[in-house]
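Below is one structure, written out as structure tokens; the observations come after it.
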Amino acid sequence: GKPSQPGMIGGGTRGAPGKRSGAGAPPPGPGHPPPRPAARHLDAHPWRHAVLKCLFTGVPVDAVARLADRARGDGELARMLTDHAAERTAAGRAVPEDLRHVLALTGAVPAPSSAPSPAADHSSTDHPHGKES
Amino acid sequence: MRIFDPHIHMTSRTTDDYEAMHAAGVRAVVEPAFWLGQPRTSPASFLDYFDSLLGWEPFRAAQYGIAHHCTLALNPKEANDPRCTPVLHELPRYLVKDRVVAVGEIGYDAMTPAEDKALAVQLQLAADHGLPALVHTPHRDKLTGLRRTLDVVRESALPVDRVLVDHLNETTVREAKDSGCWLGFSVYPDTKMDERRMVALLRAYGPERVLVDSAADWGRSDPLKTRRVGDLMLAEGFTEDDVDRVLWRNPVAFYGLSGRLDLEVAAPDATHEGNSLLRGGE
């Protein structure tokens, strides 16, 4: 496994091995970022909402672990993305490029690109209002 | 132009806003209980907040000639936190208070089973207390959220004509209108709805059962958006009676369903529980 942090497990200067409960799991701290992407812990429904939340708040979807694997063939995600694109289009607002990207990954037909591009819309994100999150 | 803002979070606003709102014609507001940005960790912080919406905030509003009522609830987002849900047991003793004119805001955030439960429980509380309900529609997957909301309302003891569904837009207005509920539109500087789109929707769907609010809070928002909508309605050919209907009579009719609406602004007391708005003075 990973090297122990000095002085905590097996370092021999302060604690003794086995004294700390949960020994065996690497201790959190600098140099030990959480090794597991959050995506592994999310069921399909909250994961889809997390992807939508990225689109709402302008977080690049590249940050989503295993995006292509999970999106592939996800018809419900495709429906949510298509509805969101329709909502933006009905409001006269641009559809975020990342939405088209994720929709393409699902394997569904791309969102229409005929959305009007209103002069007033300076951004493809929502200037995230706090309650969006 | 007399204005009733049926959804505004004044706790997050300054007295400058109250002053500007009064100058713009706002004479009444309803402040729904909602998420404060910083997650709560216990029912106790809800109770202090409810007390504030029933005490301190009406006191502040009265200083500026504005009648203040509130709606109380466990909001959809915090319905997912088991540290917060016990507040549902405290709500009944608050819902009997004079200035509570609805249960709200309730509804969906991420459409989880915990949110299903909180919504159903609180619709029942509204029915039990003779109150209407203010229902928020979710930001994400809004149309699905509206349909699920209306399904839960139809299964509840609360008649749909005692429900105001808020944050509607072009994709949700038709189904909401067909359901028979009241139609709320939150007009923001951007995102949800703007005044030009609002006027287009009024032209397409008519002013019946339509309420316009600013939903102003601690985020990017504008407490004068109600006035902007009224001004644009007039500029676009609506009559003063249309404007009065949307910005005054409709919210009065909806919250009047509680039987508790009192639009007389009493002469403000100098202090509330010994405290005034004057720093250091009291």
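Residue numbering restarts at 1 in every chain; chains get A, B, ... in the order shown in the structure tokens, and ligands count up from 1 in that same order.
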
For chain B against chain A, which residues fall within 9 Å using only C-alpha atoms, given as a short mmCIF file (atom, residue, chain, number, x, y, z; two decimals) with C-alpha atoms, in the first residue's frame?
```
data_model
loop_
_atom_site.label_atom_id
_atom_site.label_comp_id
_atom_site.auth_asym_id
_atom_site.auth_seq_id
_atom_site.Cartn_x
_atom_site.Cartn_y
_atom_site.Cartn_z
CA TRP B 35 -32.87 27.64 2.60
CA GLY B 37 -27.39 29.19 1.92
CA ASP B 109 -35.12 20.21 -5.34
CA ALA B 110 -33.43 17.00 -6.52
CA MET B 111 -36.62 14.89 -6.52
CA THR B 112 -35.55 12.40 -3.87
CA PRO B 138 -37.08 22.70 -9.16
CA HIS B 139 -34.32 24.38 -11.11
CA ARG B 140 -33.09 21.12 -12.60
CA ASP B 141 -35.44 18.91 -14.64
CA LYS B 142 -38.23 21.44 -14.12
CA LEU B 143 -40.98 19.97 -16.28
CA THR B 144 -40.59 16.52 -14.71
CA ASN B 169 -41.52 29.39 -17.28
CA GLU B 170 -42.37 28.85 -20.94
CA THR B 171 -42.05 25.07 -20.72
CA THR B 172 -44.15 24.58 -17.59
CA ASP B 190 -31.23 36.67 -15.29
CA THR B 191 -32.00 32.93 -15.21
CA LYS B 192 -35.58 31.96 -14.38
CA MET B 193 -37.61 34.73 -16.04
CA ARG B 197 -40.62 37.15 -21.30
CA TRP B 218 -29.21 36.68 -0.79
CA GLY B 219 -28.36 35.81 -4.39
CA ARG B 220 -28.33 37.95 -7.50
CA SER B 221 -31.85 39.34 -7.47
#
```

Q.
So that I can check the surroundings of A:Thr106, please list as number ranges by chain every protein, DNA and RNA residue that reaches within 8 Å of it, counting only C-alpha atoms and ignoring chain neighbours fewer than 6 positions away.
A. A: 68, 71-75, 77-78

Give me a file of those residues, with C-alpha atoms, as a PDB file, in the first residue's frame.
```pdb
ATOM      1  CA  ALA A  68     -18.368   8.834 -21.126  1.00  0.00           C
ATOM      2  CA  ALA A  71     -23.456   8.553 -19.997  1.00  0.00           C
ATOM      3  CA  ARG A  72     -23.381   5.953 -22.754  1.00  0.00           C
ATOM      4  CA  GLY A  73     -26.887   4.666 -23.419  1.00  0.00           C
ATOM      5  CA  ASP A  74     -28.398   6.634 -20.503  1.00  0.00           C
ATOM      6  CA  GLY A  75     -31.765   7.502 -22.035  1.00  0.00           C
ATOM      7  CA  LEU A  77     -29.976  11.536 -18.847  1.00  0.00           C
ATOM      8  CA  ALA A  78     -30.566  12.244 -22.537  1.00  0.00           C
TER       9      ALA A  78
END
```

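If you look at atom CA of B:Ser52 and atom CA of B:Pro189, they are 27.2 Å away from each other.
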
Report task. Provide the atom CA of B:Ser179 to atom CA of B:Val163 distance in Å, to one decimal place. Result ->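 Atom-to-atom, atom CA of B:Ser179 and atom CA of B:Val163 are spaced 10.3 Å apart.
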
Expressed in Å, the length from atom CA of B:Tyr64 to atom CA of B:Glu31 is 15.6 Å

**Asked** What are the DSSP strand (DSSP E) residues of stretch 51-281 of chain B, as a count of residues only?
**Response** 31
